[in-house]
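**Q** What follows is protein15.pdb; its format and atoms are PDB, C-alpha atoms and all ligand atoms.
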```pdb
ATOM      1  CA  MET X  73       0.000   0.000   0.000  1.00  0.00           C
ATOM      2  CA  PHE X  74       1.168   3.525  -0.797  1.00  0.00           C
ATOM      3  CA  ASN X  75       1.653   6.276   1.811  1.00  0.00           C
ATOM      4  CA  TYR X  76       3.136   8.784  -0.615  1.00  0.00           C
ATOM      5  CA  CYS X  77       2.256   9.629  -4.194  1.00  0.00           C
ATOM      6  CA  PRO X  78       4.437   7.531  -6.568  1.00  0.00           C
ATOM      7  CA  ARG X  79       4.218  10.367  -9.091  1.00  0.00           C
ATOM      8  CA  CYS X  80       5.105  13.469  -7.026  1.00  0.00           C
ATOM      9  CA  GLY X  81       5.913  12.278  -3.485  1.00  0.00           C
ATOM     10  CA  THR X  82       3.125  14.153  -1.665  1.00  0.00           C
ATOM     11  CA  ARG X  83       1.511  12.362   1.286  1.00  0.00           C
ATOM     12  CA  LEU X  84      -1.694  10.669   0.102  1.00  0.00           C
ATOM     13  CA  LYS X  85      -5.082  11.424   1.636  1.00  0.00           C
ATOM     14  CA  ILE X  86      -8.291   9.455   1.664  1.00  0.00           C
ATOM     15  CA  ARG X  87     -10.734  10.788  -0.878  1.00  0.00           C
ATOM     16  CA  GLU X  88     -14.321   9.688  -1.281  1.00  0.00           C
ATOM     17  CA  GLU X  89     -15.426   9.166  -4.840  1.00  0.00           C
ATOM     18  CA  GLU X  90     -18.735   7.613  -5.861  1.00  0.00           C
ATOM     19  CA  GLY X  91     -19.219   6.312  -2.335  1.00  0.00           C
ATOM     20  CA  ARG X  92     -15.847   4.540  -2.264  1.00  0.00           C
ATOM     21  CA  LYS X  93     -12.824   5.626  -0.241  1.00  0.00           C
ATOM     22  CA  ARG X  94      -9.526   5.690  -2.107  1.00  0.00           C
ATOM     23  CA  LEU X  95      -6.092   7.048  -1.348  1.00  0.00           C
ATOM     24  CA  ALA X  96      -5.384  10.002  -3.634  1.00  0.00           C
ATOM     25  CA  CYS X  97      -2.779  12.714  -4.053  1.00  0.00           C
ATOM     26  CA  PRO X  98      -4.009  16.200  -3.077  1.00  0.00           C
ATOM     27  CA  ALA X  99      -1.234  17.782  -5.168  1.00  0.00           C
ATOM     28  CA  CYS X 100      -1.301  16.049  -8.581  1.00  0.00           C
ATOM     29  CA  GLY X 101      -4.556  14.112  -8.468  1.00  0.00           C
ATOM     30  CA  TRP X 102      -3.087  10.596  -8.727  1.00  0.00           C
ATOM     31  CA  VAL X 103      -5.530   8.009  -7.371  1.00  0.00           C
ATOM     32  CA  ASN X 104      -4.571   4.663  -5.886  1.00  0.00           C
ATOM     33  CA  TYR X 105      -7.113   2.515  -7.736  1.00  0.00           C
ATOM     34  CA  GLU X 106      -7.170  -1.046  -6.502  1.00  0.00           C
ATOM     35  CA  ASN X 107      -8.295  -3.699  -8.960  1.00  0.00           C
ATOM     36  CA  PRO X 108      -8.114  -7.477  -9.162  1.00  0.00           C
ATOM     37  CA  LEU X 109      -4.991  -8.841 -10.825  1.00  0.00           C
ATOM     38  CA  PRO X 110      -5.615 -10.894 -13.983  1.00  0.00           C
ATOM     39  CA  SER X 111      -3.992 -14.300 -14.117  1.00  0.00           C
ATOM     40  CA  SER X 112      -4.306 -17.269 -16.482  1.00  0.00           C
ATOM     41  CA  ALA X 113      -4.413 -20.968 -15.613  1.00  0.00           C
ATOM     42  CA  ALA X 114      -4.004 -24.024 -17.866  1.00  0.00           C
ATOM     43  CA  LEU X 115      -5.937 -27.274 -17.591  1.00  0.00           C
ATOM     44  CA  VAL X 116      -3.894 -29.877 -19.465  1.00  0.00           C
ATOM     45  CA  ARG X 117      -4.898 -33.548 -19.654  1.00  0.00           C
ATOM     46  CA  ASN X 118      -2.887 -36.402 -21.088  1.00  0.00           C
ATOM     47  CA  GLU X 119      -4.194 -39.268 -23.249  1.00  0.00           C
ATOM     48  CA  LYS X 120      -5.329 -41.071 -20.078  1.00  0.00           C
ATOM     49  CA  GLY X 121      -7.349 -38.057 -19.031  1.00  0.00           C
ATOM     50  CA  GLU X 122      -5.018 -37.266 -16.141  1.00  0.00           C
ATOM     51  CA  VAL X 123      -4.661 -33.652 -15.006  1.00  0.00           C
ATOM     52  CA  LEU X 124      -1.333 -31.808 -15.052  1.00  0.00           C
ATOM     53  CA  LEU X 125      -0.484 -30.105 -11.744  1.00  0.00           C
ATOM     54  CA  VAL X 126       2.567 -28.268 -10.471  1.00  0.00           C
ATOM     55  CA  LYS X 127       3.886 -28.153  -6.932  1.00  0.00           C
ATOM     56  CA  ARG X 128       4.244 -24.463  -6.240  1.00  0.00           C
ATOM     57  CA  GLY X 129       7.653 -23.065  -5.328  1.00  0.00           C
ATOM     58  CA  VAL X 130       6.380 -19.577  -4.476  1.00  0.00           C
ATOM     59  CA  GLU X 131       3.692 -17.990  -2.327  1.00  0.00           C
ATOM     60  CA  PRO X 132       0.773 -18.036  -2.306  1.00  0.00           C
ATOM     61  CA  GLY X 133       0.279 -21.768  -1.907  1.00  0.00           C
ATOM     62  CA  ARG X 134       3.974 -22.668  -1.705  1.00  0.00           C
ATOM     63  CA  GLY X 135       4.418 -26.452  -1.413  1.00  0.00           C
ATOM     64  CA  LYS X 136       0.836 -27.131  -2.520  1.00  0.00           C
ATOM     65  CA  TRP X 137      -0.391 -28.333  -5.898  1.00  0.00           C
ATOM     66  CA  ALA X 138      -2.089 -26.122  -8.470  1.00  0.00           C
ATOM     67  CA  LEU X 139      -2.709 -25.743 -12.166  1.00  0.00           C
ATOM     68  CA  PRO X 140       0.131 -24.136 -14.111  1.00  0.00           C
ATOM     69  CA  SER X 141      -0.779 -20.459 -13.808  1.00  0.00           C
ATOM     70  CA  GLY X 142       0.480 -16.936 -13.384  1.00  0.00           C
ATOM     71  CA  PHE X 143      -0.104 -13.242 -13.798  1.00  0.00           C
ATOM     72  CA  MET X 144      -0.444 -11.650 -17.208  1.00  0.00           C
ATOM     73  CA  GLU X 145       2.455  -9.474 -18.265  1.00  0.00           C
ATOM     74  CA  ILE X 146       1.443  -5.998 -19.443  1.00  0.00           C
ATOM     75  CA  GLU X 147       1.894  -6.764 -23.175  1.00  0.00           C
ATOM     76  CA  GLU X 148       0.232 -10.179 -23.137  1.00  0.00           C
ATOM     77  CA  THR X 149      -3.192 -11.524 -23.992  1.00  0.00           C
ATOM     78  CA  PRO X 150      -4.650 -13.977 -21.444  1.00  0.00           C
ATOM     79  CA  GLU X 151      -3.995 -16.816 -23.906  1.00  0.00           C
ATOM     80  CA  GLU X 152      -0.331 -15.846 -24.306  1.00  0.00           C
ATOM     81  CA  ALA X 153       0.096 -15.618 -20.524  1.00  0.00           C
ATOM     82  CA  CYS X 154      -1.476 -19.054 -20.126  1.00  0.00           C
ATOM     83  CA  LEU X 155       0.860 -20.724 -22.656  1.00  0.00           C
ATOM     84  CA  ARG X 156       3.946 -18.897 -21.354  1.00  0.00           C
ATOM     85  CA  GLU X 157       3.260 -19.946 -17.767  1.00  0.00           C
ATOM     86  CA  LEU X 158       2.631 -23.519 -18.893  1.00  0.00           C
ATOM     87  CA  LYS X 159       5.984 -23.553 -20.710  1.00  0.00           C
ATOM     88  CA  GLU X 160       7.844 -21.924 -17.800  1.00  0.00           C
ATOM     89  CA  GLU X 161       6.380 -24.158 -15.099  1.00  0.00           C
ATOM     90  CA  THR X 162       6.210 -27.521 -16.904  1.00  0.00           C
ATOM     91  CA  GLY X 163       8.371 -27.311 -20.047  1.00  0.00           C
ATOM     92  CA  LEU X 164       5.369 -28.208 -22.239  1.00  0.00           C
ATOM     93  CA  GLU X 165       4.344 -26.422 -25.426  1.00  0.00           C
ATOM     94  CA  GLY X 166       0.621 -25.796 -25.489  1.00  0.00           C
ATOM     95  CA  LYS X 167      -2.246 -24.763 -27.702  1.00  0.00           C
ATOM     96  CA  ILE X 168      -5.458 -23.200 -26.373  1.00  0.00           C
ATOM     97  CA  LEU X 169      -8.519 -25.421 -26.906  1.00  0.00           C
ATOM     98  CA  ARG X 170     -11.191 -23.370 -25.165  1.00  0.00           C
ATOM     99  CA  LEU X 171     -12.036 -20.992 -22.370  1.00  0.00           C
ATOM    100  CA  ILE X 172     -13.328 -22.950 -19.373  1.00  0.00           C
ATOM    101  CA  GLY X 173     -14.346 -19.979 -17.269  1.00  0.00           C
ATOM    102  CA  VAL X 174     -13.365 -16.854 -15.354  1.00  0.00           C
ATOM    103  CA  TYR X 175     -13.154 -16.926 -11.566  1.00  0.00           C
ATOM    104  CA  SER X 176     -12.380 -14.666  -8.612  1.00  0.00           C
ATOM    105  CA  GLN X 177      -9.799 -15.883  -6.130  1.00  0.00           C
ATOM    106  CA  LYS X 178      -9.471 -14.167  -2.761  1.00  0.00           C
ATOM    107  CA  SER X 179      -5.812 -13.815  -1.850  1.00  0.00           C
ATOM    108  CA  GLN X 180      -4.060 -12.585   1.289  1.00  0.00           C
ATOM    109  CA  LEU X 181      -1.162 -11.380  -0.807  1.00  0.00           C
ATOM    110  CA  TYR X 182      -3.050  -9.820  -3.744  1.00  0.00           C
ATOM    111  CA  LYS X 183      -6.545  -9.367  -2.204  1.00  0.00           C
ATOM    112  CA  ASN X 184      -8.407 -10.475  -5.319  1.00  0.00           C
ATOM    113  CA  VAL X 185      -7.041 -12.329  -8.332  1.00  0.00           C
ATOM    114  CA  LEU X 186      -9.049 -12.807 -11.518  1.00  0.00           C
ATOM    115  CA  ILE X 187      -8.324 -16.316 -12.813  1.00  0.00           C
ATOM    116  CA  ILE X 188      -8.975 -17.082 -16.463  1.00  0.00           C
ATOM    117  CA  GLY X 189      -9.014 -20.842 -16.982  1.00  0.00           C
ATOM    118  CA  TYR X 190      -8.271 -22.432 -20.359  1.00  0.00           C
ATOM    119  CA  GLU X 191      -8.277 -25.990 -21.550  1.00  0.00           C
ATOM    120  CA  VAL X 192      -4.950 -26.528 -23.285  1.00  0.00           C
ATOM    121  CA  ILE X 193      -3.564 -29.352 -25.393  1.00  0.00           C
ATOM    122  CA  ALA X 194       0.138 -29.774 -24.753  1.00  0.00           C
ATOM    123  CA  HIS X 195       3.147 -31.793 -25.863  1.00  0.00           C
ATOM    124  CA  GLY X 196       6.801 -32.104 -24.919  1.00  0.00           C
ATOM    125  CA  GLN X 197       8.919 -33.346 -22.058  1.00  0.00           C
ATOM    126  CA  LEU X 198       7.770 -32.543 -18.500  1.00  0.00           C
ATOM    127  CA  ARG X 199      10.372 -30.383 -16.841  1.00  0.00           C
ATOM    128  CA  PRO X 200       9.494 -28.235 -13.813  1.00  0.00           C
ATOM    129  CA  GLY X 201      10.828 -24.729 -14.167  1.00  0.00           C
ATOM    130  CA  SER X 202      10.528 -21.311 -12.591  1.00  0.00           C
ATOM    131  CA  ASP X 203       8.081 -21.110  -9.670  1.00  0.00           C
ATOM    132  CA  SER X 204       7.378 -24.855  -9.694  1.00  0.00           C
ATOM    133  CA  LEU X 205       9.075 -27.637  -7.708  1.00  0.00           C
ATOM    134  CA  LYS X 206       7.433 -30.539  -9.539  1.00  0.00           C
ATOM    135  CA  ALA X 207       5.158 -31.074 -12.527  1.00  0.00           C
ATOM    136  CA  GLN X 208       3.110 -34.258 -12.671  1.00  0.00           C
ATOM    137  CA  PHE X 209      -0.064 -35.765 -14.150  1.00  0.00           C
ATOM    138  CA  PHE X 210      -2.631 -37.054 -11.637  1.00  0.00           C
ATOM    139  CA  PRO X 211      -5.655 -39.318 -12.209  1.00  0.00           C
ATOM    140  CA  VAL X 212      -8.861 -37.321 -11.764  1.00  0.00           C
ATOM    141  CA  ASP X 213      -9.972 -39.495  -8.813  1.00  0.00           C
ATOM    142  CA  LYS X 214      -6.571 -39.211  -7.076  1.00  0.00           C
ATOM    143  CA  LEU X 215      -5.888 -35.479  -7.141  1.00  0.00           C
ATOM    144  CA  PRO X 216      -3.781 -34.102  -4.275  1.00  0.00           C
ATOM    145  CA  GLN X 217      -4.945 -31.109  -2.253  1.00  0.00           C
ATOM    146  CA  ILE X 218      -5.235 -28.115  -4.583  1.00  0.00           C
ATOM    147  CA  ALA X 219      -4.005 -24.723  -3.350  1.00  0.00           C
ATOM    148  CA  PHE X 220      -6.800 -22.567  -4.812  1.00  0.00           C
ATOM    149  CA  SER X 221     -10.581 -22.954  -4.866  1.00  0.00           C
ATOM    150  CA  SER X 222     -10.682 -21.325  -8.332  1.00  0.00           C
ATOM    151  CA  HIS X 223      -8.341 -24.015  -9.704  1.00  0.00           C
ATOM    152  CA  LYS X 224     -10.597 -26.712  -8.240  1.00  0.00           C
ATOM    153  CA  GLU X 225     -13.542 -25.136 -10.053  1.00  0.00           C
ATOM    154  CA  ILE X 226     -11.597 -24.985 -13.335  1.00  0.00           C
ATOM    155  CA  ILE X 227     -10.694 -28.679 -12.974  1.00  0.00           C
ATOM    156  CA  ARG X 228     -14.273 -29.678 -12.083  1.00  0.00           C
ATOM    157  CA  LYS X 229     -15.757 -27.758 -14.981  1.00  0.00           C
ATOM    158  CA  GLY X 230     -12.950 -28.695 -17.380  1.00  0.00           C
ATOM    159  CA  ILE X 231     -13.322 -32.427 -16.831  1.00  0.00           C
ATOM    160  CA  GLY X 232     -17.112 -32.222 -16.977  1.00  0.00           C
ATOM    161  CA  GLN X 233     -17.860 -32.983 -13.325  1.00  0.00           C
ATOM    162  CA  GLU X 234     -19.419 -29.650 -12.509  1.00  0.00           C
ATOM    163  CA  LYS X 235     -22.486 -29.822 -10.296  1.00  0.00           C
TER     164      LYS X 235
HETATM  165 ZN    ZN R 301       1.016  13.387  -6.607  1.00  0.00          ZN
END
```
Turn the structure described in the file into structure tokens.

**A**
Amino acid sequence: MFNYCPRCGTRLKIREEEGRKRLACPACGWVNYENPLPSSAALVRNEKGEVLLVKRGVEPGRGKWALPSGFMEIEETPEEACLRELKEETGLEGKILRLIGVYSQKSQLYKNVLIIGYEVIAHGQLRPGSDSLKAQFFPVDKLPQIAFSSHKEIIRKGIGQEK
């Protein structure tokens, strides 16, 4: 959180705008807008229908399993972010098959993350990379504990077991 204006260095003050309190700069007018962070996740299944998961090497969810995922870089589309994260975390080359859904994930670190889940077809040699300790396919009925509720929803919907 900011105490001083990142643009001019003046101490920020709370300003009420459309019924919502935001920190703003009384000198230059900069406003500290807080928005969810967009992130993409990949649901990849092998020929046996098993789901690809990575053991996370970074917070949030360090040491737990999750879909390959990560934040969009400023120049990327959600699809590009999805395939880049898949490549970085698992070594696999992917192709987007379809959008599974868009979900909100509450986060202690980032408050609210917008998760865009894609079904992806992938090939190559599994090789855990940046931010992931392991990358492994799991049978649908033997999934380990998943770090994020949004990823569970993407898996459920992606494999057609949505309630
Ligand atoms: Zn300012």

**Q** May I have the residues within 9 Å of range 77-94 of chain X as a list in words, using only C-alpha atoms and disregarding those fewer than 2 positions away in the same chain?

**A**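 Close residues of range 77-94 of chain X: Phe74, Asn75, Ala96, Cys97, Pro98, Ala99, Cys100, Trp102, Val103, Asn104, Tyr105 and Glu106 of chain X.
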
**Q** Expand the PyMOL selection byres (((chain X and resi 185-188) around 6) and not hetatm) into the explicit residue set it covers here, and present it as a PyMOL selection string.

**A** chain X and resi 108-112+174-177+184+189

**Q** Starting from the displayed file, determine the output of the PyMOL selection byres (((chain X and resi 192-209) around 6) and not hetatm) and express the residue list as JSON, numbers by chain.

**A** {"X": [115, 116, 122, 123, 124, 125, 126, 127, 128, 129, 130, 160, 161, 162, 163, 164, 165, 166, 167, 168, 169, 191, 210]}

**Q** Go ahead and save the residues from that selection, with C-alpha atoms, as an mmCIF file, in the coordinates of the input.

**A**
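Contents of result34.cif, as written:
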```
data_model
loop_
_atom_site.group_PDB
_atom_site.id
_atom_site.type_symbol
_atom_site.label_atom_id
_atom_site.label_comp_id
_atom_site.auth_asym_id
_atom_site.auth_seq_id
_atom_site.Cartn_x
_atom_site.Cartn_y
_atom_site.Cartn_z
ATOM 1 C CA LEU X 115 -5.937 -27.274 -17.591
ATOM 2 C CA VAL X 116 -3.894 -29.877 -19.465
ATOM 3 C CA GLU X 122 -5.018 -37.266 -16.141
ATOM 4 C CA VAL X 123 -4.661 -33.652 -15.006
ATOM 5 C CA LEU X 124 -1.333 -31.808 -15.052
ATOM 6 C CA LEU X 125 -0.484 -30.105 -11.744
ATOM 7 C CA VAL X 126 2.567 -28.268 -10.471
ATOM 8 C CA LYS X 127 3.886 -28.153 -6.932
ATOM 9 C CA ARG X 128 4.244 -24.463 -6.240
ATOM 10 C CA GLY X 129 7.653 -23.065 -5.328
ATOM 11 C CA VAL X 130 6.380 -19.577 -4.476
ATOM 12 C CA GLU X 160 7.844 -21.924 -17.800
ATOM 13 C CA GLU X 161 6.380 -24.158 -15.099
ATOM 14 C CA THR X 162 6.210 -27.521 -16.904
ATOM 15 C CA GLY X 163 8.371 -27.311 -20.047
ATOM 16 C CA LEU X 164 5.369 -28.208 -22.239
ATOM 17 C CA GLU X 165 4.344 -26.422 -25.426
ATOM 18 C CA GLY X 166 0.621 -25.796 -25.489
ATOM 19 C CA LYS X 167 -2.246 -24.763 -27.702
ATOM 20 C CA ILE X 168 -5.458 -23.200 -26.373
ATOM 21 C CA LEU X 169 -8.519 -25.421 -26.906
ATOM 22 C CA GLU X 191 -8.277 -25.990 -21.550
ATOM 23 C CA PHE X 210 -2.631 -37.054 -11.637
#
```

**Q** What does the distance between CA of Glu148 in chain X and CA of Gly230 in chain X come to in Å, to one decimal place?

**A**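 So the answer is 23.4 Å.
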
**Q** Which residues, named as in the file, does the PyMOL selection byres (((chain X and resi 231) around 12) and not hetatm) pick out? Answer as a PDB file with C-alpha atoms, in the frame of the given file.

**A**
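Output file out_31.pdb is given in full below:
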```
ATOM      1  CA  LEU X 115      -5.937 -27.274 -17.591  1.00  0.00           C
ATOM      2  CA  VAL X 116      -3.894 -29.877 -19.465  1.00  0.00           C
ATOM      3  CA  ARG X 117      -4.898 -33.548 -19.654  1.00  0.00           C
ATOM      4  CA  ASN X 118      -2.887 -36.402 -21.088  1.00  0.00           C
ATOM      5  CA  GLY X 121      -7.349 -38.057 -19.031  1.00  0.00           C
ATOM      6  CA  GLU X 122      -5.018 -37.266 -16.141  1.00  0.00           C
ATOM      7  CA  VAL X 123      -4.661 -33.652 -15.006  1.00  0.00           C
ATOM      8  CA  ILE X 172     -13.328 -22.950 -19.373  1.00  0.00           C
ATOM      9  CA  TYR X 190      -8.271 -22.432 -20.359  1.00  0.00           C
ATOM     10  CA  GLU X 191      -8.277 -25.990 -21.550  1.00  0.00           C
ATOM     11  CA  PRO X 211      -5.655 -39.318 -12.209  1.00  0.00           C
ATOM     12  CA  VAL X 212      -8.861 -37.321 -11.764  1.00  0.00           C
ATOM     13  CA  ASP X 213      -9.972 -39.495  -8.813  1.00  0.00           C
ATOM     14  CA  LYS X 224     -10.597 -26.712  -8.240  1.00  0.00           C
ATOM     15  CA  GLU X 225     -13.542 -25.136 -10.053  1.00  0.00           C
ATOM     16  CA  ILE X 226     -11.597 -24.985 -13.335  1.00  0.00           C
ATOM     17  CA  ILE X 227     -10.694 -28.679 -12.974  1.00  0.00           C
ATOM     18  CA  ARG X 228     -14.273 -29.678 -12.083  1.00  0.00           C
ATOM     19  CA  LYS X 229     -15.757 -27.758 -14.981  1.00  0.00           C
ATOM     20  CA  GLY X 230     -12.950 -28.695 -17.380  1.00  0.00           C
ATOM     21  CA  GLY X 232     -17.112 -32.222 -16.977  1.00  0.00           C
ATOM     22  CA  GLN X 233     -17.860 -32.983 -13.325  1.00  0.00           C
ATOM     23  CA  GLU X 234     -19.419 -29.650 -12.509  1.00  0.00           C
ATOM     24  CA  LYS X 235     -22.486 -29.822 -10.296  1.00  0.00           C
TER      25      LYS X 235
END
```

**Q** Quote the spacing between CA of Leu171 in chain X and CA of Glu145 in chain X in Å to one decimal place.

**A**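 Spanning CA of Leu171 in chain X to CA of Glu145 in chain X is a straight-line distance of 19.0 Å.
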
**Q** Which polymer residues have any atom within 8 Å of an atom of range 132-135 of chain X, counting only C-alpha atoms, with same-chain residues fewer than 6 positions away left out, as a list of chain:residue names?

**A**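 My reading of the contact set: X:Ser179, X:Leu181, X:Leu205, X:Ala219, X:Phe220.
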
**Q** Quick one: distance from CA of Arg170 in chain X to CA of Ser222 in chain X in Å, one decimal?

**A**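 Those two atoms sit 17.0 Å apart.
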
**Q** Here is a test: counting all atoms listed in the file, which residue of X:Ala114, X:Ile218, X:Ala138, X:Lys120 is nearest to Glu151 in chain X?

**A**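 Among the listed residues, the smallest separation from Glu151 in chain X belongs to X:Ala114.
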